[in-house]
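Structure, as structure tokens:
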Amino acid sequence: MNWLRDWMMPLAASEHAKKVDDLYIFTFWLMLAFFILIVYLTVLFPLKYKRKKEGVMTINFSHNLALELAWSVIPLILVIGLFFWGFNDYVESRVHQNDAIEVHVTANKWNWAFEYPDGSRSIKALHVPVNKPVRLILTSEDVLHAFFIPALRTKTDVIPGRYVELPFTATVAGKHQVFCAEYCGRGHSGMFAELYVDTPEQYETFLKEGPEEFKTMPLVELGKFTYNEAGCKSCHTIDGTKSEGPSFKNLWGKSEKLRDGSSVTVDESYIRESILNPTAKVVAGYEPVMPSFQGLLRDRQILGVIEYIKSLK
Amino acid sequence: MSSESYGHAAEHAFRQHHFVNSEQQFDTSKLGMWLFLATEILMFGGLFVGFGLMQANYPEAWVAGHHHLDRIMGSINTVFLLCSSFTMVMAVHASSTNQKSKTVLNLLATLAFAGGFMVIKYFEYSHKFHEGILPGRYFSYAGGGPPEQAMFFGFYFAMTGIHGVHVLIGMILIAWLTIRAQRGEFSSAYYTPVDLIGLYWHLVDLIWIYLFPLLYLVS
Amino acid sequence: MSEHAHSSGARVYVLTLVALLILTGITVGASYINFGSASANIIIAIVIATVKVSLVALFFMHLRHDNPLNAIIFISSLIFLGIFLAFPLIDIQSRDKIIPNGLRVREQVAAPKQAAPAPAAPAHH
Amino acid sequence: MADIVATPKSQSHGDHYDVDYLNDGSLLSWLTTVDHKKLGVMYLWSILFMFFLGGVFALLVRLELMNPGQTIMTAEQYNKAFTLHGAIMVFLVIIPSIPAALGNFALPLMLGAKDVAFPRLNLLSFWIYVTGAIIATVAMVTGGVDTGWTFYTPYSTTTDGPVALMTFAAFVLGFSSILTGVNFVATVHKLRAPGMGWFKMPLFVWGIYATAIIQVLATPVLAITLLLLIFERLFGVGVFDPKLGGDPVLFQHFFWFYSHPAVYIMILPGMAIISEVIPTMSQKVFFGYKATAFSSVAIAIVSFVVWGHHMFTSGQSQLAGAIFSFLTFLVGIPSAIKVFNWITTMYKGSISLAAPMLYALMFLILFGIGGLTGIFLGTMSVDIHLHDTYFVVAHFHYVMMGSTLIAFLAGLHFWWPKMFGRMYNERAAQIAAFFVFIGFNATFLPQFLLGSRGMPRRYYDYLPEFTPLHQVSTVGSWLLGLGFVIMAGYLFASLRKKMDAPSNPWHARTLDWQTSSPPITHNFHEIPVLKQGPYDYFKPFEPSVEGYHE
């Protein structure tokens with residue numbers, strides 16, 4: 001029956017997903033049997049006993065204990081069976097694995113951010129190693145969201161002010177879609193993320209160097225991507241207007257006056273220092289509010305940001 | 001039920017045409033009132049459930065919040081409402097036994113107790129407003145304490161406020177009853193309105209019996 | 001239609017009122033005494049309130065002599081209220097309290113972020 | 001087909017007494033009428049108007065989903081459109097549809113009563129409904145609401161727009177529902193005709209009675225939930241807002257404590273109509289009368305303890321989830337009993353395939369799908385995957401629309417001759433039923449597949465791989481709309497004819513048919529005295545109203 005499963009369900013990327021599919025398909029056949037019975041009788045009786053003459057008396061068939069017991073007790077036994085099957089699979093899927101890799105997931109409107117055990121982070125792309133138990137710990141910064149991975153047949157609501165967990169072990173390497181499944185406003189239908197189930201080597205590389213495309217993207221483009229996704233744009237504009245931080249427009253090569261009175265030329269090393277240790281040299285007229293991006297941005301991303309700032313003339 | 005024909009002149013004027021006799025009408029009205037009271041219980045019940053679950057989460061805030069409430073005033077109000085319930089039931093009793101002046105007197109006494117309750121509530125509320133004890137984000141009490149006190153007072157004002165509205169509605173209804181009783185409209189043959197509004201009034205009392213310890217006596 | 005009016009006369013009402021007032025005194029008095037834990041005090045207060053409510057319902061509201069249907073309605077509203085309280089209570093009492101390793105520490109480090117947009121919450125504010 | 005011979009026993013009643021209710025009194029006097037039949041008819045028109053409005057929003061939503069990306073509206077407009085579609089259909093159409101419109105009209109007639117227990121309360125309830133509808137309309141035109149009909153916090157407490165007003169509208173509508181429920185419970189208890197014991201009541205009455213119990217016990221909780229939500233928005237009390245220490249999951253408990261039983265407020269009256277139409281159109285005694293009657297009440301009670309199955313992924317505790325899952329399965333059993341009883345009732349009947357029966361058969365199939373797919377959703381591990389996807393959307397549309405609304409149409413076609421004294425065009429009714437059936441299934445069957453493949457609900461935009469199924473669904477919705485247009489056509493056309501309906505076109509045995517079509521103002525000339533059970537089609541008809549014969 002694999003064709004049926006493939007037709008109805010997305011790819012199953014974990015053992016749990018396969019179990020869910022088994023139960024789903026089993027329930028499907030069982031319900032189909034009942035449905036066919038209902039449709040058969042619903043069509044048969046009106047055709048067979050179609051009114052031929054007005055005003056005839058019909059039989060007095062008003063109850064039959066055996067029949068009534070049969071269609072009460074048989075469904076009862078079946079649904080209790082289904083309950084235990086479904087309950088069992090559910091509990092199994094939520095068992096806490098001690099050696100699980102803990103990834104923290106933060107949802108906000110309308111973005112997913114991930115933080116790995118070594119402190120590195122990614123946005124809209126979750127990397128996990130294949131065949132290793134993973135434990136997501138999720139929270140939301142604003143409203144309810146839901147982290148939904150169809151390929152793993154799992155989902156959980158993400159609740160502000162609370163931590164919920166979502167354990168899984170992905171067994172099929174590759175890229176899988178993640179949706180937000182709890183309505184959260186305008187950007188709800190675009191609140192995607194990708195789940196990358198990596199081979200152990202790929203995962204190691206990811207932790208060291210960031211996602212694959214970081215290595216291939218042109219530097220300026222990577223810088224622009226980082227500017228948009230890593231949060232730079234919340235405080236630094238690119239059109240020259242003043243925000244929490246200095247604008248990036250025409251910043252390159254400029255001589256900036258610092259809070260302590262000294263001045264500095266904006267070059268590669270100053271930008272790098274400002275990203276990794278932002279409070280060391282703060283430009284006059286600004287508060288030292290920028291957090292460090294140490295561990296958050298890979299080397300090539302920092303280079304990209306520098307190139308991007310260069311390009312903003 | 002009798003099989004008497006519809007539409008003929010009623011045995012007395014209080015019967016609506018779709019009832020067979022006035023006993024059926026009385027029973028039906030009373031059943032309707034009890035059903036309405038059940039909805040009231042579940043409506044207030046929702047508040048109690050929310051209150052109780054949040055109390056389990058923030059016991060300190062609840063204790064801190066209750067310290068702002070005056071146990072003495074609460075107790076006096078409880079006594080007022082209990083007495084008003086008593087005078088109300090006496091009014092029902094009097095109206096069902098054709099004692100017109102006793103009915104009116106008891107209804108007036110009920111009104112007086114209810115008025116006393118509202119006056120004390122007014123003093124309690126204005127004292128709290130004065131101190132900046134307001135629900136939710138308007139809570140601006142300077143004396144400190146757990147921040148969830150704002151939530152406690154959200155419940156306090158919601159519960160006592162909705163209860164107070166019920167008291168007010170009850171007072172209006174009782175005032176209307178008093179006028180009708182004064183006109184001699186009630187007798188042992190027809191005192192349904194007194195009985196039904198009496199039931200309503202006792203329910204308002206019942207709710208207060210739970211509100212009082214939960215709000216004022218937490219410690 | 002008025003049999004209940006005769007069966008519970010004024011004397012019963014007076015006795016009920018006296019009992020209610022005494023119980024009010026007891027519950028106020030009990031609130032000054034510490035019974036060991038906060039929940040013990042609450043339970044005592046609720047038990048007394050329930051006794052008072054039963055008195056009002058039975059005598060003032062005439063449920064004792066009334067059509068049993070009315071009592072059934074009253075009691076079933078309480079039962080459904082009980083259901084309404086019980087299930088959320090079961091839920092809240094049995095929820096997993098997940099405190100991830102090191103999360104609290106990280107939260108403290110991250111605390112000043114509140115001033116500036118945090119990198120954990122980049123873009124689209 | 002015999003007409004009623006309703007010569008009044010006593011001429012003293014005067015002419016007014018014999019006028020049919022439709023022509024009794026000026027048009028203006030309808031607005032203050034306490035006649036349950038007129039109120040039923042006024043509810044009917046209001047609900048049909050609201051159904052039209054909700055249907056327009058539905059078609060807009062489907063049109064937007066014709067293609068991925070922006071098709072005809074922006075994301076904000078889409079969010080408002082589906083919210084309004086849901087809120088209108090749930091609060092203004094489906095919940096009042098059968099009890100308030102058809103129930104008001106038929107219930108007292110079936111009981112042999114002159115009116116409901118509290119006619120003035122009935123009038124009040126109608127005007128509260130109208131007030132609620134007006135408030136909802138004001139909320140719609142002053143910006144609209146984008147919370148979804150479920151008003152989940154904290155989104156609903158933080159989003160812009162007149163959410164408090166919309167919530168207040170639902171709050172007001174709740175009171176209309178409560179008062180109707182109170183009225184019906186009292187009516188069923190106290191106003192049954194002489195000889196009508198509990199087990200001689202028509203099953204429609206049982207169904208409406210069970211519904212009324214839920215309305216009385218559950219709706220007050222909705223009222224207080226919405227009130228707390230309004231407080232939350234106005235004062236920031238924080239009960240449901242985690243930023244202030246509250247618990248958003250608690251809101252879901254509050255909401256579903258009402259809204260799950262509300263699903264049964266919607267479906268029980270539908271089942272009630274089917275229990276009336278099938279034995280009548282089959283001229284067969286109802287099979288398993290007591291089991292069906294009790295299963296209505298059982299469903300009503302069990303419906304109060306299953307609400308948590310809306311919350312398996314919500315962060316509710318696993319223990320609570322397991323309890324709710326188990327109880328959910330139990331509620332399936334009474335439904336199964338009903339389905340088999342309906343089918344067995346047709347066995348060896350004398351079945352007419354007139355329009356009401358067509359809709360009843362349609363109900364059996366669509367409710368079959370709706371009910372059986374519910375089993376998937378009750379199973380915890382499967383529900384985790386299916387929750388908040390199109391599978392759920394399809395499932396509840398099969399139950400709410402495919403079942404309740406189709407049953408409403410069955411009832412409408414069943415009682416139309418009684419309500420308005422006119423027969424509609426049977427051929428046109430068959431064509432409309434065909435389009436409704438094809439259109440409905442084309443709209444919602446693909447959505448099961450969309451859901452199991454992982455398409456989340458309330459999405460304005462979607463991945464390209466879902467496009468073909470969405471397009472089938474959208475085209476289906478137009479066919480469905482076409483069916484309703486045809487229906488509106490022949491129903492309105494019938495109203496322009498002269499009154500031609502016989503008093504008992506379906507040869508029914510219940511009391512509502514033992515008076516003229518349309519009924520006289522006071523329903524019956526004499527109090528009916530029950531001579532026969534409601535479905536005693538195995539013996540000759542013995543009217544319970546004196547002077548009535550077929």
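Labels for the structure tokens follow display order: chains A, B, ..., residues from 1 in each chain, ligands from 1.
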
Select from chain D every residue with an atom at most 6 Å from any atom of chain C, then for each give the shortest pair of atoms and their distance in Å to one decimal, using only C-alpha atoms, rows by chain and rising number, as a tab-separated table.
```
residue	atom	partner	partner_atom	distance
D:Gln316	CA	C:Asp91	CA	5.9
D:Ser317	CA	C:Arg95	CA	4.4
D:Ala320	CA	C:Asp91	CA	5.2
```

Create the file for the chosen residues now, containing all heavy atoms and written as a PDB file, in the first residue's frame.
```pdb
ATOM      1  N   GLN D 316      -1.023  21.750  26.386  1.00  0.00           N
ATOM      2  CA  GLN D 316      -1.782  21.116  27.455  1.00  0.00           C
ATOM      3  C   GLN D 316      -0.985  19.890  27.933  1.00  0.00           C
ATOM      4  O   GLN D 316      -0.208  19.318  27.176  1.00  0.00           O
ATOM      5  CB  GLN D 316      -3.115  20.704  26.850  1.00  0.00           C
ATOM      6  CG  GLN D 316      -3.930  19.720  27.634  1.00  0.00           C
ATOM      7  CD  GLN D 316      -5.189  19.346  26.855  1.00  0.00           C
ATOM      8  OE1 GLN D 316      -6.273  19.696  27.237  1.00  0.00           O
ATOM      9  NE2 GLN D 316      -5.056  18.647  25.755  1.00  0.00           N
ATOM     10  N   SER D 317      -1.178  19.478  29.185  1.00  0.00           N
ATOM     11  CA  SER D 317      -0.376  18.365  29.682  1.00  0.00           C
ATOM     12  C   SER D 317      -0.749  17.085  28.958  1.00  0.00           C
ATOM     13  O   SER D 317      -1.854  16.920  28.455  1.00  0.00           O
ATOM     14  CB  SER D 317      -0.578  18.194  31.176  1.00  0.00           C
ATOM     15  OG  SER D 317      -1.725  17.422  31.420  1.00  0.00           O
ATOM     16  N   ALA D 320      -3.741  15.237  30.523  1.00  0.00           N
ATOM     17  CA  ALA D 320      -5.030  15.802  30.137  1.00  0.00           C
ATOM     18  C   ALA D 320      -5.356  15.403  28.708  1.00  0.00           C
ATOM     19  O   ALA D 320      -6.492  15.036  28.400  1.00  0.00           O
ATOM     20  CB  ALA D 320      -5.000  17.318  30.282  1.00  0.00           C
TER      21      ALA D 320
END
```

Neighbours of range 291-302 of chain D within 8 Å (only C-alpha atoms; same-chain residues fewer than 6 positions away dropped), as an mmCIF file with N, CA, C and O atoms, in the first residue's frame?
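So result.cif came out as:
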```cif
data_model
loop_
_atom_site.group_PDB
_atom_site.id
_atom_site.type_symbol
_atom_site.label_atom_id
_atom_site.label_comp_id
_atom_site.auth_asym_id
_atom_site.auth_seq_id
_atom_site.Cartn_x
_atom_site.Cartn_y
_atom_site.Cartn_z
ATOM 1 N N LEU D 203 -38.692 12.727 17.686
ATOM 2 C CA LEU D 203 -37.255 12.782 17.962
ATOM 3 C C LEU D 203 -36.667 14.162 17.712
ATOM 4 O O LEU D 203 -35.639 14.515 18.275
ATOM 5 N N TRP D 206 -36.664 15.682 21.012
ATOM 6 C CA TRP D 206 -35.553 15.171 21.831
ATOM 7 C C TRP D 206 -34.250 15.879 21.475
ATOM 8 O O TRP D 206 -33.480 16.278 22.345
ATOM 9 N N GLY D 207 -34.013 15.994 20.181
ATOM 10 C CA GLY D 207 -32.765 16.616 19.738
ATOM 11 C C GLY D 207 -32.677 18.063 20.176
ATOM 12 O O GLY D 207 -31.651 18.519 20.684
ATOM 13 N N ALA D 210 -32.062 18.251 23.922
ATOM 14 C CA ALA D 210 -30.652 18.020 24.276
ATOM 15 C C ALA D 210 -29.822 19.253 23.936
ATOM 16 O O ALA D 210 -28.961 19.679 24.715
ATOM 17 N N THR D 211 -30.114 19.851 22.791
ATOM 18 C CA THR D 211 -29.395 21.064 22.400
ATOM 19 C C THR D 211 -29.609 22.178 23.411
ATOM 20 O O THR D 211 -28.671 22.866 23.802
ATOM 21 N N ILE D 213 -30.280 21.986 26.490
ATOM 22 C CA ILE D 213 -29.523 21.748 27.726
ATOM 23 C C ILE D 213 -28.102 22.281 27.566
ATOM 24 O O ILE D 213 -27.573 22.963 28.450
ATOM 25 N N ILE D 214 -27.494 21.980 26.418
ATOM 26 C CA ILE D 214 -26.122 22.477 26.216
ATOM 27 C C ILE D 214 -26.118 23.996 26.168
ATOM 28 O O ILE D 214 -25.234 24.646 26.722
ATOM 29 N N PRO D 261 -18.883 21.861 23.174
ATOM 30 C CA PRO D 261 -20.324 21.579 23.236
ATOM 31 C C PRO D 261 -21.096 22.337 22.155
ATOM 32 O O PRO D 261 -22.096 21.842 21.648
ATOM 33 N N TYR D 264 -21.911 20.533 19.239
ATOM 34 C CA TYR D 264 -23.104 19.695 19.380
ATOM 35 C C TYR D 264 -24.372 20.532 19.410
ATOM 36 O O TYR D 264 -25.441 20.041 19.060
ATOM 37 N N LEU D 268 -26.546 18.448 16.909
ATOM 38 C CA LEU D 268 -27.705 17.730 17.458
ATOM 39 C C LEU D 268 -29.024 18.123 16.795
ATOM 40 O O LEU D 268 -29.826 17.247 16.470
ATOM 41 N N LEU D 327 -12.057 10.112 26.019
ATOM 42 C CA LEU D 327 -13.462 10.524 26.093
ATOM 43 C C LEU D 327 -13.998 10.887 24.713
ATOM 44 O O LEU D 327 -15.175 10.670 24.409
ATOM 45 N N VAL D 331 -17.584 9.614 22.529
ATOM 46 C CA VAL D 331 -18.685 10.398 21.976
ATOM 47 C C VAL D 331 -19.014 9.926 20.558
ATOM 48 O O VAL D 331 -20.089 10.194 20.033
ATOM 49 N N PRO D 334 -22.439 7.102 20.424
ATOM 50 C CA PRO D 334 -23.839 7.492 20.197
ATOM 51 C C PRO D 334 -24.088 7.968 18.773
ATOM 52 O O PRO D 334 -25.167 7.733 18.215
ATOM 53 N N SER D 335 -23.092 8.607 18.167
ATOM 54 C CA SER D 335 -23.267 9.059 16.785
ATOM 55 C C SER D 335 -23.395 7.858 15.853
ATOM 56 O O SER D 335 -24.234 7.850 14.948
ATOM 57 N N ILE D 337 -24.487 4.928 16.642
ATOM 58 C CA ILE D 337 -25.802 4.324 16.893
ATOM 59 C C ILE D 337 -26.867 5.042 16.078
ATOM 60 O O ILE D 337 -27.716 4.429 15.429
ATOM 61 N N LYS D 338 -26.784 6.376 16.085
ATOM 62 C CA LYS D 338 -27.792 7.140 15.349
ATOM 63 C C LYS D 338 -27.738 6.808 13.862
ATOM 64 O O LYS D 338 -28.764 6.589 13.225
ATOM 65 N N ASN D 341 -29.244 3.550 13.152
ATOM 66 C CA ASN D 341 -30.693 3.584 13.357
ATOM 67 C C ASN D 341 -31.410 4.244 12.183
ATOM 68 O O ASN D 341 -32.461 3.780 11.759
#
```

I need the chain B residues near chain D as a PyMOL selection string; criterion: at most 10 Å, counting only C-alpha atoms.
chain B and resi 1-8+16-20+24-25+27-47+49-51+53-54+57-58+134-139+147-155+158

Tell me which protein, DNA and RNA residues are within 7 Å of range 490-494 of chain D, counting only C-alpha atoms, leaving out same-chain ones fewer than 6 positions away, and put them as a list in words.
Arg422, Met423, Tyr424, Asn425 and Ala428 of chain D

Would you save the residues of that selection, restricted to N, CA and C atoms, as a PDB file, in the first residue's frame?
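Output (part.pdb):
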```
ATOM      1  N   ARG D 422     -46.937  26.792   0.681  1.00  0.00           N
ATOM      2  CA  ARG D 422     -46.701  26.602  -0.751  1.00  0.00           C
ATOM      3  C   ARG D 422     -45.734  25.449  -0.972  1.00  0.00           C
ATOM      4  N   MET D 423     -45.946  24.742  -2.086  1.00  0.00           N
ATOM      5  CA  MET D 423     -44.989  23.720  -2.498  1.00  0.00           C
ATOM      6  C   MET D 423     -44.000  24.374  -3.461  1.00  0.00           C
ATOM      7  N   TYR D 424     -42.750  23.980  -3.368  1.00  0.00           N
ATOM      8  CA  TYR D 424     -41.730  24.482  -4.292  1.00  0.00           C
ATOM      9  C   TYR D 424     -41.643  23.510  -5.464  1.00  0.00           C
ATOM     10  N   ASN D 425     -40.908  23.926  -6.484  1.00  0.00           N
ATOM     11  CA  ASN D 425     -40.738  23.091  -7.677  1.00  0.00           C
ATOM     12  C   ASN D 425     -39.776  21.939  -7.376  1.00  0.00           C
ATOM     13  N   ALA D 428     -36.647  21.530  -9.739  1.00  0.00           N
ATOM     14  CA  ALA D 428     -35.600  22.519  -9.452  1.00  0.00           C
ATOM     15  C   ALA D 428     -34.867  22.138  -8.169  1.00  0.00           C
TER      16      ALA D 428
END
```

Could you find all residues in range 30-134 of chain A that DSSP calls strand (DSSP E) from the backbone, and write them as a PyMOL selection string?
chain A and resi 101-108+111-115+121-123+125-129+133-134

Output for the residues just chosen: N, CA and C atoms as a PDB file, in the first residue's frame:
```pdb
ATOM      1  N   ILE A 101      20.417  16.227  21.417  1.00  0.00           N
ATOM      2  CA  ILE A 101      21.003  17.542  21.155  1.00  0.00           C
ATOM      3  C   ILE A 101      19.914  18.577  21.402  1.00  0.00           C
ATOM      4  N   GLU A 102      20.196  19.521  22.275  1.00  0.00           N
ATOM      5  CA  GLU A 102      19.183  20.530  22.602  1.00  0.00           C
ATOM      6  C   GLU A 102      19.333  21.741  21.708  1.00  0.00           C
ATOM      7  N   VAL A 103      18.301  22.054  20.974  1.00  0.00           N
ATOM      8  CA  VAL A 103      18.320  23.267  20.167  1.00  0.00           C
ATOM      9  C   VAL A 103      17.202  24.172  20.664  1.00  0.00           C
ATOM     10  N   HIS A 104      17.551  25.407  20.935  1.00  0.00           N
ATOM     11  CA  HIS A 104      16.528  26.354  21.383  1.00  0.00           C
ATOM     12  C   HIS A 104      15.920  27.054  20.190  1.00  0.00           C
ATOM     13  N   VAL A 105      14.608  27.105  20.191  1.00  0.00           N
ATOM     14  CA  VAL A 105      13.907  27.722  19.074  1.00  0.00           C
ATOM     15  C   VAL A 105      13.130  28.915  19.616  1.00  0.00           C
ATOM     16  N   THR A 106      13.329  30.051  18.998  1.00  0.00           N
ATOM     17  CA  THR A 106      12.572  31.231  19.404  1.00  0.00           C
ATOM     18  C   THR A 106      11.732  31.693  18.224  1.00  0.00           C
ATOM     19  N   ALA A 107      10.448  31.814  18.481  1.00  0.00           N
ATOM     20  CA  ALA A 107       9.555  32.261  17.420  1.00  0.00           C
ATOM     21  C   ALA A 107       9.177  33.698  17.687  1.00  0.00           C
ATOM     22  N   ASN A 108       9.100  34.473  16.648  1.00  0.00           N
ATOM     23  CA  ASN A 108       8.435  35.767  16.766  1.00  0.00           C
ATOM     24  C   ASN A 108       7.752  36.041  15.443  1.00  0.00           C
ATOM     25  N   ASN A 111       9.173  34.803  12.241  1.00  0.00           N
ATOM     26  CA  ASN A 111      10.524  34.311  12.033  1.00  0.00           C
ATOM     27  C   ASN A 111      10.826  33.183  13.022  1.00  0.00           C
ATOM     28  N   TRP A 112      11.674  32.272  12.602  1.00  0.00           N
ATOM     29  CA  TRP A 112      12.161  31.232  13.496  1.00  0.00           C
ATOM     30  C   TRP A 112      13.653  31.432  13.690  1.00  0.00           C
ATOM     31  N   ALA A 113      14.119  31.441  14.942  1.00  0.00           N
ATOM     32  CA  ALA A 113      15.551  31.550  15.215  1.00  0.00           C
ATOM     33  C   ALA A 113      15.981  30.338  16.022  1.00  0.00           C
ATOM     34  N   PHE A 114      17.147  29.805  15.706  1.00  0.00           N
ATOM     35  CA  PHE A 114      17.612  28.574  16.355  1.00  0.00           C
ATOM     36  C   PHE A 114      18.949  28.837  17.020  1.00  0.00           C
ATOM     37  N   GLU A 115      19.127  28.234  18.193  1.00  0.00           N
ATOM     38  CA  GLU A 115      20.396  28.373  18.874  1.00  0.00           C
ATOM     39  C   GLU A 115      20.882  26.982  19.257  1.00  0.00           C
ATOM     40  N   ARG A 121      24.165  30.203  16.035  1.00  0.00           N
ATOM     41  CA  ARG A 121      22.750  30.417  15.760  1.00  0.00           C
ATOM     42  C   ARG A 121      22.469  30.362  14.277  1.00  0.00           C
ATOM     43  N   SER A 122      21.213  30.140  13.953  1.00  0.00           N
ATOM     44  CA  SER A 122      20.804  30.266  12.561  1.00  0.00           C
ATOM     45  C   SER A 122      19.368  30.746  12.538  1.00  0.00           C
ATOM     46  N   ILE A 123      18.997  31.253  11.386  1.00  0.00           N
ATOM     47  CA  ILE A 123      17.663  31.825  11.245  1.00  0.00           C
ATOM     48  C   ILE A 123      16.960  31.141  10.096  1.00  0.00           C
ATOM     49  N   ALA A 125      16.562  28.345   9.318  1.00  0.00           N
ATOM     50  CA  ALA A 125      17.122  27.084   8.844  1.00  0.00           C
ATOM     51  C   ALA A 125      17.617  26.315  10.048  1.00  0.00           C
ATOM     52  N   LEU A 126      17.021  25.163  10.282  1.00  0.00           N
ATOM     53  CA  LEU A 126      17.417  24.354  11.434  1.00  0.00           C
ATOM     54  C   LEU A 126      18.256  23.199  10.932  1.00  0.00           C
ATOM     55  N   HIS A 127      19.454  23.091  11.468  1.00  0.00           N
ATOM     56  CA  HIS A 127      20.324  21.984  11.091  1.00  0.00           C
ATOM     57  C   HIS A 127      20.381  20.972  12.213  1.00  0.00           C
ATOM     58  N   VAL A 128      20.121  19.710  11.874  1.00  0.00           N
ATOM     59  CA  VAL A 128      20.260  18.649  12.877  1.00  0.00           C
ATOM     60  C   VAL A 128      20.973  17.480  12.215  1.00  0.00           C
ATOM     61  N   PRO A 129      21.739  16.704  13.002  1.00  0.00           N
ATOM     62  CA  PRO A 129      22.392  15.548  12.429  1.00  0.00           C
ATOM     63  C   PRO A 129      21.395  14.404  12.248  1.00  0.00           C
ATOM     64  N   PRO A 133      19.063  11.723  18.300  1.00  0.00           N
ATOM     65  CA  PRO A 133      17.910  12.342  18.945  1.00  0.00           C
ATOM     66  C   PRO A 133      18.125  13.841  19.148  1.00  0.00           C
ATOM     67  N   VAL A 134      17.105  14.590  18.856  1.00  0.00           N
ATOM     68  CA  VAL A 134      17.162  16.045  18.984  1.00  0.00           C
ATOM     69  C   VAL A 134      16.020  16.469  19.882  1.00  0.00           C
TER      70      VAL A 134
END
```

For the alpha helix (DSSP H) assignment from backbone DSSP, which residues of range 67-257 of chain A qualify? Please present them as JSON, numbers by chain.
{"A": [67, 68, 69, 70, 71, 72, 73, 74, 75, 76, 77, 78, 79, 80, 81, 82, 83, 84, 85, 86, 87, 88, 89, 90, 91, 92, 93, 200, 201, 202, 203, 204, 205, 206, 207, 208, 209, 212, 213, 214, 215, 216, 219, 220, 221, 222, 223, 224, 225, 226, 227, 228, 229]}

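Of note, CA of Leu105 in chain B and CA of Thr87 in chain B are spaced 8.8 Å apart.
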
What residues in chain D have any atom no more than 6 Å from chain A when counting only C-alpha atoms, and can you write them as number ranges by chain?
D: 75-76, 154-155, 242, 284, 286-288, 313-314, 348-352, 372, 379-382, 384-385, 388, 449, 452-454, 456, 459-461, 538

Chain A contacts to chain C at 6 Å (only C-alpha atoms) as a ChimeraX atom specification:
/A:163,229-231,289

Taking only C-alpha atoms into account, report as a list in words which residues of chain C lie within 7 Å of chain B.
Met1, Ala5, Ala10, Tyr13, Leu17, Leu21, Ser31, Ala38, Ile42, Ala45, Ala49, Val53, Phe60, Met61, Asn70, Ile73, Phe74, Ser77, Leu81 and Leu85 of chain C

Give me, as a list in words, all polymer residues having an atom no more than 9 Å from Gly402 in chain D, counting only C-alpha atoms and skipping those fewer than 5 positions away in the same chain.
Met362, Phe363, Ile365, Leu366, Phe367, Gly370, Phe396, His397, Ala407, Phe437, Phe440 and Asn441 of chain D

Min atom-atom distance to Asp267 in chain A from the set A:Cys232, A:Ile309, A:Gln294, A:Gly285, counting only C-alpha atoms, belongs to A:Ile309

To one decimal in Å, tell me the separation between CA of Val545 in chain D and CA of Leu511 in chain D.
7.9 Å

Find the residues near Trp127 in chain D: any atom within 10 Å, counting only C-alpha atoms, skip ones fewer than 2 places away on the same chain, and give them as a PyMOL selection string.
chain D and resi 31-32+39+43+121-125+129-133+173+176

Got a sec: who's within 10 Å of Ser97 in chain D, counting only C-alpha atoms, leaving out chain neighbours fewer than 3 positions off, as a PyMOL selection string?
chain D and resi 40+43-44+46-48+51+89-94+100-103+266+269-270+404-405+408
